[in-house]
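Engineer: If it helps, the file is called structure24.tsv and holds TSV, C-alpha atoms and all ligand atoms:
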chain	number	residue	atom	x	y	z
C	20	MET	CA	108.46	104.85	152.90
C	21	SER	CA	108.22	108.07	154.95
C	22	ASP	CA	106.09	107.98	158.09
C	23	THR	CA	103.86	110.91	157.10
C	24	THR	CA	102.71	112.74	154.03
C	25	LEU	CA	101.54	116.32	154.41
C	26	ILE	CA	99.52	117.92	151.63
C	27	GLY	CA	99.06	121.67	151.91
C	28	LEU	CA	101.74	124.11	152.99
C	29	GLY	CA	99.83	127.26	153.71
C	30	ALA	CA	100.43	129.04	157.01
C	31	MET	CA	99.05	126.10	158.98
C	32	GLY	CA	100.56	123.29	156.93
C	33	THR	CA	103.98	124.95	157.10
C	34	ALA	CA	103.72	125.16	160.90
C	35	LEU	CA	102.72	121.48	161.07
C	36	ALA	CA	105.64	120.50	158.84
C	37	ALA	CA	108.07	122.52	160.96
C	38	ALA	CA	106.86	120.81	164.15
C	39	TRP	CA	107.26	117.35	162.66
C	40	LEU	CA	110.68	118.15	161.24
C	41	ALA	CA	111.83	119.62	164.57
C	42	ALA	CA	110.79	116.38	166.28
C	43	GLY	CA	112.87	114.29	163.89
C	44	HIS	CA	110.10	113.16	161.52
C	45	ARG	CA	110.63	113.35	157.80
C	46	PRO	CA	107.26	114.13	156.23
C	47	THR	CA	106.89	113.94	152.48
C	48	VAL	CA	105.21	117.18	151.41
C	49	TRP	CA	103.24	118.48	148.46
C	50	ASN	CA	101.84	121.94	147.81
C	51	ARG	CA	100.09	123.38	144.76
C	52	THR	CA	102.58	126.26	144.75
C	53	ARG	CA	105.77	124.23	144.85
C	54	ALA	CA	107.98	127.12	145.99
C	55	ARG	CA	106.38	127.00	149.45
C	56	ALA	CA	107.57	123.41	149.83
C	57	GLU	CA	111.13	123.75	148.71
C	58	ASN	CA	113.03	125.24	151.63
C	59	LEU	CA	111.47	123.20	154.41
C	60	GLY	CA	114.08	120.47	154.42
C	61	ALA	CA	111.48	117.80	153.69
C	62	PRO	CA	111.21	115.58	150.60
C	63	VAL	CA	108.89	117.25	148.06
C	64	ALA	CA	106.61	115.06	145.95
C	65	ASP	CA	105.91	116.05	142.35
C	66	THR	CA	102.21	115.24	142.41
C	67	PRO	CA	99.48	114.56	145.00
C	68	ALA	CA	99.49	110.92	143.84
C	69	ASP	CA	103.24	110.63	144.52
C	70	ALA	CA	102.78	112.28	147.91
C	71	VAL	CA	100.00	109.86	148.90
C	72	ALA	CA	101.99	106.87	147.67
C	73	ALA	CA	104.91	107.85	149.91
C	74	SER	CA	103.26	107.15	153.30
C	75	ARG	CA	100.49	105.21	154.98
C	76	LEU	CA	99.50	108.32	156.98
C	77	VAL	CA	98.32	111.16	154.75
C	78	VAL	CA	97.59	114.48	156.45
C	79	VAL	CA	95.77	117.11	154.41
C	80	CYS	CA	95.58	120.78	155.43
C	81	LEU	CA	94.10	122.85	152.62
C	82	LEU	CA	91.98	125.97	152.58
C	83	ASP	CA	88.61	124.25	152.23
C	84	ASP	CA	86.85	120.98	151.48
C	85	ALA	CA	86.53	121.76	147.77
C	86	GLY	CA	90.33	121.94	147.61
C	87	VAL	CA	90.62	118.51	149.27
C	88	GLY	CA	88.32	117.01	146.64
C	89	ALA	CA	90.21	118.72	143.83
C	90	VAL	CA	93.69	117.69	145.01
C	91	LEU	CA	92.83	114.06	145.82
C	92	ASP	CA	90.55	113.49	142.82
C	93	GLY	CA	91.61	110.27	141.12
C	94	VAL	CA	94.43	109.56	143.62
C	95	ASP	CA	94.67	105.94	144.86
C	96	LEU	CA	93.82	106.06	148.56
C	97	ALA	CA	93.44	102.31	149.13
C	98	GLY	CA	95.02	101.21	152.41
C	99	LYS	CA	95.79	104.80	153.48
C	100	ASP	CA	94.85	106.61	156.67
C	101	LEU	CA	93.58	110.03	155.62
C	102	VAL	CA	93.68	112.74	158.31
C	103	ASN	CA	91.92	115.86	157.12
C	104	LEU	CA	92.83	118.99	159.10
C	105	THR	CA	91.04	121.27	156.65
C	106	THR	CA	88.31	123.29	158.38
C	107	CYS	CA	84.91	122.08	157.20
C	108	THR	CA	81.33	121.66	158.38
C	109	PRO	CA	80.18	118.46	160.11
C	110	ALA	CA	78.22	117.43	157.00
C	111	GLU	CA	81.26	118.03	154.79
C	112	ALA	CA	83.38	115.92	157.13
C	113	ARG	CA	80.85	113.06	157.06
C	114	ALA	CA	80.64	113.21	153.28
C	115	ARG	CA	84.44	113.28	153.00
C	116	ALA	CA	84.67	110.24	155.34
C	117	ALA	CA	82.23	108.30	153.15
C	118	TRP	CA	84.18	109.43	150.07
C	119	ALA	CA	87.46	108.21	151.62
C	120	GLY	CA	85.87	104.96	152.78
C	121	ALA	CA	84.61	104.26	149.26
C	122	ARG	CA	88.24	104.58	148.12
C	123	GLY	CA	89.53	102.13	150.72
C	124	ALA	CA	90.97	104.64	153.21
C	125	ARG	CA	90.37	105.00	156.93
C	126	TYR	CA	89.35	108.59	157.74
C	127	LEU	CA	89.97	110.94	160.62
C	128	ASP	CA	88.73	114.50	160.62
C	129	GLY	CA	90.50	117.17	162.64
C	130	GLY	CA	89.54	120.60	163.92
C	131	ILE	CA	92.58	122.68	164.81
C	132	MET	CA	92.26	124.81	167.96
C	133	ALA	CA	95.35	126.94	167.38
C	134	ASP	CA	96.85	129.49	165.07
C	135	PRO	CA	100.11	128.68	163.26
C	136	PRO	CA	102.47	130.22	165.89
C	137	MET	CA	100.83	128.05	168.59
C	138	ILE	CA	101.60	124.82	166.70
C	139	GLY	CA	104.28	122.86	168.55
C	140	THR	CA	103.49	124.60	171.85
C	141	PRO	CA	101.44	123.18	174.74
C	142	ASP	CA	98.61	125.63	173.94
C	143	ALA	CA	97.74	123.93	170.66
C	144	SER	CA	95.19	121.15	170.40
C	145	VAL	CA	93.23	119.39	167.68
C	146	PHE	CA	89.85	117.67	167.95
C	147	TYR	CA	89.78	114.37	166.06
C	148	SER	CA	86.83	112.18	165.12
C	149	GLY	CA	86.28	109.27	162.80
C	150	SER	CA	88.19	105.99	162.64
C	151	ALA	CA	89.23	105.00	166.19
C	152	GLU	CA	91.72	102.51	164.72
C	153	ALA	CA	93.41	105.20	162.64
C	154	PHE	CA	93.53	107.51	165.66
C	155	THR	CA	95.11	104.84	167.86
C	156	THR	CA	97.62	103.93	165.16
C	157	TRP	CA	98.81	107.50	164.59
C	158	GLU	CA	98.20	109.33	167.84
C	159	HIS	CA	101.94	109.43	168.59
C	160	VAL	CA	102.59	111.26	165.30
C	161	LEU	CA	99.52	113.49	165.48
C	162	ALA	CA	100.43	114.54	169.03
C	163	VAL	CA	103.72	116.12	167.88
C	164	PRO	CA	102.35	119.44	166.56
C	165	ALA	CA	99.38	119.70	168.94
C	166	ALA	CA	97.68	117.86	171.79
C	167	THR	CA	95.08	115.39	170.51
C	168	ARG	CA	91.45	115.24	171.68
C	169	TYR	CA	89.51	112.32	170.17
C	170	VAL	CA	85.77	113.03	170.35
C	171	GLY	CA	84.27	109.88	168.84
C	172	GLU	CA	83.64	107.85	165.71
C	173	ASP	CA	81.20	110.25	164.05
C	174	PRO	CA	83.50	111.99	161.55
C	175	GLY	CA	81.44	115.18	161.86
C	176	HIS	CA	82.05	115.63	165.58
C	177	ALA	CA	85.54	117.11	165.39
C	178	ALA	CA	84.25	119.88	163.13
C	179	LEU	CA	81.23	120.34	165.38
C	180	HIS	CA	83.41	120.75	168.49
C	181	ASP	CA	85.71	123.09	166.58
C	182	ILE	CA	82.90	125.34	165.34
C	183	ALA	CA	81.03	125.24	168.66
C	184	LEU	CA	84.08	126.52	170.54
C	185	LEU	CA	84.88	129.11	167.91
C	186	SER	CA	81.26	130.29	167.87
C	187	ALA	CA	81.41	130.86	171.62
C	188	MET	CA	84.65	132.74	171.07
C	189	TYR	CA	82.94	135.12	168.64
C	190	GLY	CA	80.22	135.77	171.19
C	191	MET	CA	82.99	136.69	173.62
C	192	PHE	CA	84.68	138.92	171.03
C	193	ALA	CA	81.34	140.70	170.53
C	194	GLY	CA	81.06	141.36	174.26
C	195	ILE	CA	84.64	142.60	174.44
C	196	ALA	CA	84.02	144.98	171.52
C	197	HIS	CA	80.92	146.39	173.24
C	198	ALA	CA	82.76	146.85	176.54
C	199	PHE	CA	85.61	148.78	174.90
C	200	ALA	CA	83.12	150.87	172.89
C	201	LEU	CA	81.44	151.90	176.16
C	202	ILE	CA	84.64	153.35	177.62
C	203	ARG	CA	86.10	154.66	174.36
C	204	ALA	CA	85.02	158.29	174.82
C	205	GLU	CA	86.08	158.39	178.48
C	206	PRO	CA	89.50	158.96	180.05
C	207	ILE	CA	89.73	155.24	180.84
C	208	ALA	CA	92.66	153.50	179.21
C	209	PRO	CA	91.73	150.34	177.31
C	210	THR	CA	94.82	148.78	178.86
C	211	SER	CA	93.40	149.41	182.34
C	212	LEU	CA	90.06	147.81	181.43
C	213	ALA	CA	91.64	144.82	179.69
C	214	PRO	CA	92.85	142.88	182.77
C	215	LEU	CA	89.51	143.48	184.53
C	216	LEU	CA	87.68	142.25	181.45
C	217	ALA	CA	89.88	139.18	181.06
C	218	ASP	CA	89.49	138.21	184.73
C	219	TRP	CA	85.71	138.70	184.62
C	220	LEU	CA	85.31	136.64	181.44
C	221	SER	CA	87.50	133.87	182.91
C	222	THR	CA	85.33	133.77	186.01
C	223	MET	CA	82.06	133.79	184.08
C	224	ALA	CA	83.24	131.13	181.60
C	225	GLY	CA	82.57	128.60	184.35
C	226	SER	CA	78.85	129.22	183.83
C	227	ALA	CA	79.09	126.77	180.90
C	228	HIS	CA	79.14	123.94	183.46
C	229	LEU	CA	75.85	125.03	185.08
C	230	THR	CA	74.22	125.48	181.67
C	231	ALA	CA	75.35	121.98	180.68
C	232	ALA	CA	73.97	120.45	183.88
C	233	GLN	CA	70.64	122.22	183.39
C	234	LEU	CA	70.43	121.06	179.74
C	235	GLU	CA	71.13	117.47	180.77
C	236	THR	CA	68.54	117.37	183.59
C	237	GLY	CA	66.01	119.64	181.84
C	238	ASP	CA	65.69	121.58	185.11
C	239	TYR	CA	66.53	125.19	184.22
C	240	ARG	CA	65.80	126.35	187.78
C	241	ALA	CA	68.48	124.15	189.35
C	242	GLY	CA	71.34	126.14	190.81
C	243	VAL	CA	70.06	129.45	189.48
C	244	SER	CA	71.48	132.41	191.38
C	245	SER	CA	70.47	135.24	189.04
C	246	THR	CA	66.99	134.57	187.70
C	247	LEU	CA	65.95	135.47	184.18
C	248	ALA	CA	63.39	137.92	185.62
C	249	MET	CA	66.11	139.76	187.52
C	250	GLN	CA	68.34	139.86	184.44
C	251	VAL	CA	65.53	141.04	182.15
C	252	ALA	CA	64.77	143.84	184.62
C	253	GLY	CA	68.35	145.01	184.13
C	254	ILE	CA	68.23	145.16	180.33
C	255	PRO	CA	66.97	148.79	180.16
C	256	THR	CA	70.00	149.85	182.20
C	257	PHE	CA	72.32	148.24	179.64
C	258	LEU	CA	70.46	149.93	176.77
C	259	ARG	CA	70.34	153.35	178.49
C	260	THR	CA	74.05	153.13	179.28
C	261	ALA	CA	74.81	152.32	175.65
C	262	ARG	CA	72.71	155.33	174.56
C	263	GLU	CA	74.43	157.63	177.10
C	264	GLN	CA	77.82	156.50	175.78
C	265	ALA	CA	76.65	156.85	172.15
C	266	VAL	CA	77.28	153.15	171.51
C	267	ARG	CA	75.14	150.99	169.24
C	268	PRO	CA	73.67	148.08	171.23
C	269	ASP	CA	73.49	145.91	168.09
C	270	LEU	CA	75.77	143.18	169.41
C	271	LEU	CA	73.72	142.70	172.59
C	272	THR	CA	70.13	143.13	171.43
C	273	PRO	CA	69.71	139.71	169.74
C	274	TYR	CA	70.45	138.00	173.06
C	275	PHE	CA	68.25	140.44	174.99
C	276	THR	CA	65.37	139.75	172.56
C	277	LEU	CA	65.54	136.03	173.32
C	278	MET	CA	65.65	136.71	177.08
C	279	HIS	CA	62.49	138.85	176.72
C	280	ARG	CA	60.75	136.03	174.84
C	281	LEU	CA	61.52	133.56	177.63
C	282	ALA	CA	60.30	135.99	180.28
C	283	ALA	CA	57.11	136.61	178.28
C	284	ASP	CA	56.57	132.82	178.31
C	285	GLY	CA	56.45	132.96	182.13
C	286	ARG	CA	59.93	131.49	182.65
C	287	GLY	CA	61.30	134.33	184.78
C	288	ASP	CA	62.25	132.02	187.65
C	289	GLU	CA	64.60	130.04	185.41
C	290	ASP	CA	68.17	130.62	184.31
C	291	THR	CA	68.83	131.95	180.78
C	292	THR	CA	69.41	128.37	179.55
C	293	GLY	CA	66.08	128.36	177.67
C	294	VAL	CA	67.79	130.56	175.07
C	295	VAL	CA	69.46	127.37	173.82
C	296	ASP	CA	66.04	125.90	172.98
C	297	LEU	CA	64.82	129.11	171.36
C	298	LEU	CA	67.77	128.97	168.95
C	299	ARG	CA	66.71	125.58	167.59
X	301	LIG	P1	96.44	129.38	153.81
X	301	LIG	O1	95.54	130.30	153.04
X	301	LIG	O2	97.69	129.93	154.37
X	301	LIG	O3	96.84	128.15	152.86
X	301	LIG	C1	95.88	127.50	152.07
X	301	LIG	C2	96.49	126.24	151.51
X	301	LIG	O4	95.51	125.58	150.69
X	301	LIG	C3	97.69	126.48	150.62
X	301	LIG	O5	98.56	125.38	150.74
X	301	LIG	C4	97.04	126.54	149.23
X	301	LIG	O6	97.96	126.23	148.21
X	301	LIG	C5	96.04	125.42	149.38
X	301	LIG	N1	94.93	125.44	148.45
X	301	LIG	C6	93.84	126.24	148.49
X	301	LIG	N2	92.99	125.92	147.50
X	301	LIG	C7	93.59	124.91	146.82
X	301	LIG	C8	93.20	124.15	145.67
X	301	LIG	N3	92.05	124.36	145.04
X	301	LIG	N4	94.06	123.20	145.24
X	301	LIG	C9	95.23	122.98	145.87
X	301	LIG	N5	95.64	123.64	146.96
X	301	LIG	C10	94.81	124.60	147.41
X	301	LIG	O7	95.54	128.71	154.91
X	301	LIG	P2	96.01	128.03	156.29
X	301	LIG	O8	97.19	127.18	156.02
X	301	LIG	O9	96.10	129.06	157.33
X	301	LIG	O10	94.74	127.13	156.61
X	301	LIG	C11	94.64	125.79	156.17
X	301	LIG	C12	93.47	125.15	156.92
X	301	LIG	O11	93.76	125.21	158.32
X	301	LIG	C13	92.14	125.90	156.68
X	301	LIG	O12	91.10	124.98	156.54
X	301	LIG	C14	92.01	126.72	157.95
X	301	LIG	O13	90.65	126.99	158.28
X	301	LIG	C15	92.64	125.79	158.98
X	301	LIG	N6	93.05	126.52	160.18
X	301	LIG	C16	93.86	127.62	160.04
X	301	LIG	C17	94.15	128.38	161.15
X	301	LIG	C18	95.01	129.60	161.05
X	301	LIG	O14	95.03	130.38	162.02
X	301	LIG	N7	95.72	129.81	159.95
X	301	LIG	C19	93.62	128.03	162.49
X	301	LIG	C20	92.85	126.82	162.52
X	301	LIG	C21	92.56	126.12	161.38
X	301	LIG	P3	98.86	127.39	147.56
X	301	LIG	O15	100.03	127.57	148.47
X	301	LIG	O16	99.20	126.86	146.24
X	301	LIG	O17	97.97	128.64	147.48
Translate this structure into structure tokens?
Ligand code: NDP
Structural biologist:
Amino acid sequence: MSDTTLIGLGAMGTALAAAWLAAGHRPTVWNRTRARAENLGAPVADTPADAVAASRLVVVCLLDDAGVGAVLDGVDLAGKDLVNLTTCTPAEARARAAWAGARGARYLDGGIMADPPMIGTPDASVFYSGSAEAFTTWEHVLAVPAATRYVGEDPGHAALHDIALLSAMYGMFAGIAHAFALIRAEPIAPTSLAPLLADWLSTMAGSAHLTAAQLETGDYRAGVSSTLAMQVAGIPTFLRTAREQAVRPDLLTPYFTLMHRLAADGRGDEDTTGVVDLLR
């Protein structure tokens, strides 16, 4: 019996397979398009059922949850540990855990915080949640392609951590796009702004800790250094600058609108943390 089965050899699955093979593991692999499996140097199963039968640990990395259901439909999962690295929503992960449990498998969901080239490097990590026993049993194998971060027994929590971090990343991407748009028509090289931008964002990322502390205590005035009122007073300057530079403020205005609502509620002496509550 091989120590691992890997189902799904897209860009990510291929990177996972390569990391395991480089570390001396011999995963049994299966992919819908067989050609992608054939030159890896790993044993290729003919069917998903054969692949699952080959190992106790079954790792799945397909495009989406519907694909997982389609590929494993009717396959005997009894006694298996199913690790699903397919990106999904928390509700999909919980439903898939119940589905696996009903078929006699222990279930771990994973949210990959890396792109394929990062797999096998120290920058890669994966959030896991679900069966603690399965995680403890297989952590040494799972840790080969990427550092492991177990975030609890709720199978939806890996996906939730994954999407929460990626959502924050998109907010950052939006800010970066706006910043570059502001300088685009000027004789300022994007490459000269980039290091300033990266340093500033790194410094400001630490504000997540203050926001977290305020959310936990419910005291949104604690530790505030730049009040909401002061920040709201500055919004017209941001909007006028965008207009002067002929830049659409569309990426910023949703956040500014929520700040205005808080200020209108008389919360100007607080931090901007109340935005979290307005979103719910
Ligand atoms: P790819 O598009 O490269 O590969 C998709 C894989 O899913 C292929 O193996 C494909 O098979 C298979 N597949 C899709 N639909 C079906 C189906 N109905 N039945 C059987 N097999 C199916 O995607 P990635 O490998 O990049 O991504 C895989 C997962 O990893 C996704 O959930 C993605 O969100 C996640 N992920 C990817 C990252 C990345 O940067 N690439 C980063 C973090 C997470 P076939 O080869 O036959 O088409």
Engineer: At most 12 Å from (83.5, 151.1, 174.2), file frame, only C-alpha atoms: which residues, as a list in words?
Structural biologist: Ala193, Gly194, Ile195, Ala196, His197, Ala198, Phe199, Ala200, Leu201, Ile202, Arg203, Ala204, Glu205, Pro206, Ile207, Ala208, Pro209, Leu212, Ala213, Thr260, Ala261, Arg262, Glu263, Gln264, Ala265, Val266, Arg267 and Pro268 of chain C
Engineer: Smallest atom-to-atom distance to ligand LIG 301 (chain X): which of C:Gly237, C:Gly287, C:Gly129, C:Gly43, using all atoms listed in the file?
Structural biologist: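 Using all atoms listed in the file, ligand LIG 301 (chain X) sits closest to C:Gly129.
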Engineer: Figure out the distance between atom C3 of ligand LIG 301 (chain X) and CA of Ala85 (chain C), please, to one decimal in Å.
Structural biologist: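 So the answer is 12.4 Å.
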Engineer: So how many Å separate CA of Leu91 (chain C) and CA of Thr33 (chain C), to one decimal?
Structural biologist: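 About the pair CA of Leu91 (chain C) and CA of Thr33 (chain C): they are 19.2 Å apart.
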Engineer: Would you work out the distance separating CA of Ala153 (chain C) from CA of Asp100 (chain C), expressed in Å to one decimal?
Structural biologist: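 Here the two named atoms are 6.3 Å from each other.
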Engineer: Find the residues of chain C that sit at most 9 Å from ligand LIG 301 (chain X); for each, write down the nearest two atoms and how far apart they are in Å, to one decimal. Count all atoms listed in the file. Sort by chain, then by number going up, and give it as JSON lines.
Structural biologist:
{"residue": "C:Ile26", "atom": "CA", "partner": "X:LIG301", "partner_atom": "O5", "distance": 7.6}
{"residue": "C:Gly27", "atom": "CA", "partner": "X:LIG301", "partner_atom": "O5", "distance": 3.9}
{"residue": "C:Leu28", "atom": "CA", "partner": "X:LIG301", "partner_atom": "O5", "distance": 4.1}
{"residue": "C:Gly29", "atom": "CA", "partner": "X:LIG301", "partner_atom": "O3", "distance": 3.2}
{"residue": "C:Ala30", "atom": "CA", "partner": "X:LIG301", "partner_atom": "O8", "distance": 3.9}
{"residue": "C:Met31", "atom": "CA", "partner": "X:LIG301", "partner_atom": "O8", "distance": 3.7}
{"residue": "C:Gly32", "atom": "CA", "partner": "X:LIG301", "partner_atom": "O8", "distance": 5.2}
{"residue": "C:Thr33", "atom": "CA", "partner": "X:LIG301", "partner_atom": "O8", "distance": 7.2}
{"residue": "C:Ala34", "atom": "CA", "partner": "X:LIG301", "partner_atom": "O8", "distance": 8.4}
{"residue": "C:Trp49", "atom": "CA", "partner": "X:LIG301", "partner_atom": "O5", "distance": 8.6}
{"residue": "C:Asn50", "atom": "CA", "partner": "X:LIG301", "partner_atom": "O5", "distance": 5.6}
{"residue": "C:Arg51", "atom": "CA", "partner": "X:LIG301", "partner_atom": "O16", "distance": 3.9}
{"residue": "C:Thr52", "atom": "CA", "partner": "X:LIG301", "partner_atom": "O16", "distance": 3.7}
{"residue": "C:Arg53", "atom": "CA", "partner": "X:LIG301", "partner_atom": "O16", "distance": 7.2}
{"residue": "C:Ala54", "atom": "CA", "partner": "X:LIG301", "partner_atom": "O15", "distance": 8.3}
{"residue": "C:Arg55", "atom": "CA", "partner": "X:LIG301", "partner_atom": "O15", "distance": 6.5}
{"residue": "C:Ala56", "atom": "CA", "partner": "X:LIG301", "partner_atom": "O15", "distance": 8.7}
{"residue": "C:Val79", "atom": "CA", "partner": "X:LIG301", "partner_atom": "C12", "distance": 8.7}
{"residue": "C:Cys80", "atom": "CA", "partner": "X:LIG301", "partner_atom": "C12", "distance": 5.1}
{"residue": "C:Leu81", "atom": "CA", "partner": "X:LIG301", "partner_atom": "O4", "distance": 3.6}
{"residue": "C:Leu82", "atom": "CA", "partner": "X:LIG301", "partner_atom": "O4", "distance": 4.0}
{"residue": "C:Asp83", "atom": "CA", "partner": "X:LIG301", "partner_atom": "O12", "distance": 5.0}
{"residue": "C:Asp84", "atom": "CA", "partner": "X:LIG301", "partner_atom": "O12", "distance": 7.7}
{"residue": "C:Ala85", "atom": "CA", "partner": "X:LIG301", "partner_atom": "N3", "distance": 6.7}
{"residue": "C:Gly86", "atom": "CA", "partner": "X:LIG301", "partner_atom": "N3", "distance": 3.9}
{"residue": "C:Val87", "atom": "CA", "partner": "X:LIG301", "partner_atom": "N4", "distance": 7.1}
{"residue": "C:Gly88", "atom": "CA", "partner": "X:LIG301", "partner_atom": "N3", "distance": 8.4}
{"residue": "C:Ala89", "atom": "CA", "partner": "X:LIG301", "partner_atom": "N3", "distance": 6.1}
{"residue": "C:Val90", "atom": "CA", "partner": "X:LIG301", "partner_atom": "N4", "distance": 5.5}
{"residue": "C:Leu104", "atom": "CA", "partner": "X:LIG301", "partner_atom": "O11", "distance": 6.3}
{"residue": "C:Thr105", "atom": "CA", "partner": "X:LIG301", "partner_atom": "O12", "distance": 3.7}
{"residue": "C:Thr106", "atom": "CA", "partner": "X:LIG301", "partner_atom": "O12", "distance": 3.7}
{"residue": "C:Cys107", "atom": "CA", "partner": "X:LIG301", "partner_atom": "O12", "distance": 6.9}
{"residue": "C:Gly130", "atom": "CA", "partner": "X:LIG301", "partner_atom": "C21", "distance": 6.8}
{"residue": "C:Ile131", "atom": "CA", "partner": "X:LIG301", "partner_atom": "C20", "distance": 4.7}
{"residue": "C:Met132", "atom": "CA", "partner": "X:LIG301", "partner_atom": "C20", "distance": 5.8}
{"residue": "C:Ala133", "atom": "CA", "partner": "X:LIG301", "partner_atom": "C19", "distance": 5.3}
{"residue": "C:Asp134", "atom": "CA", "partner": "X:LIG301", "partner_atom": "O14", "distance": 3.7}
{"residue": "C:Pro135", "atom": "CA", "partner": "X:LIG301", "partner_atom": "O14", "distance": 5.5}
{"residue": "C:Pro136", "atom": "CA", "partner": "X:LIG301", "partner_atom": "O14", "distance": 8.4}
Engineer: Contacts of Pro174 (chain C) at 6 Å or less, counting all atoms listed in the file, minus same-chain residues fewer than 5 places along, as a list in words?
Structural biologist: Ala112, Arg113, Asp128, Ser148 and Gly149 of chain C
Engineer: Would you place a box with edges along x, y and z of the file around all atoms of region 114-133 of chain C listed there, add 5 Å to each of its six sides, and report the centre and edge lengths in Å to one decimal, as JSON?
Structural biologist:
{"center_x": 88.0, "center_y": 114.5, "center_z": 158.0, "size_x": 24.7, "size_y": 34.8, "size_z": 29.8}
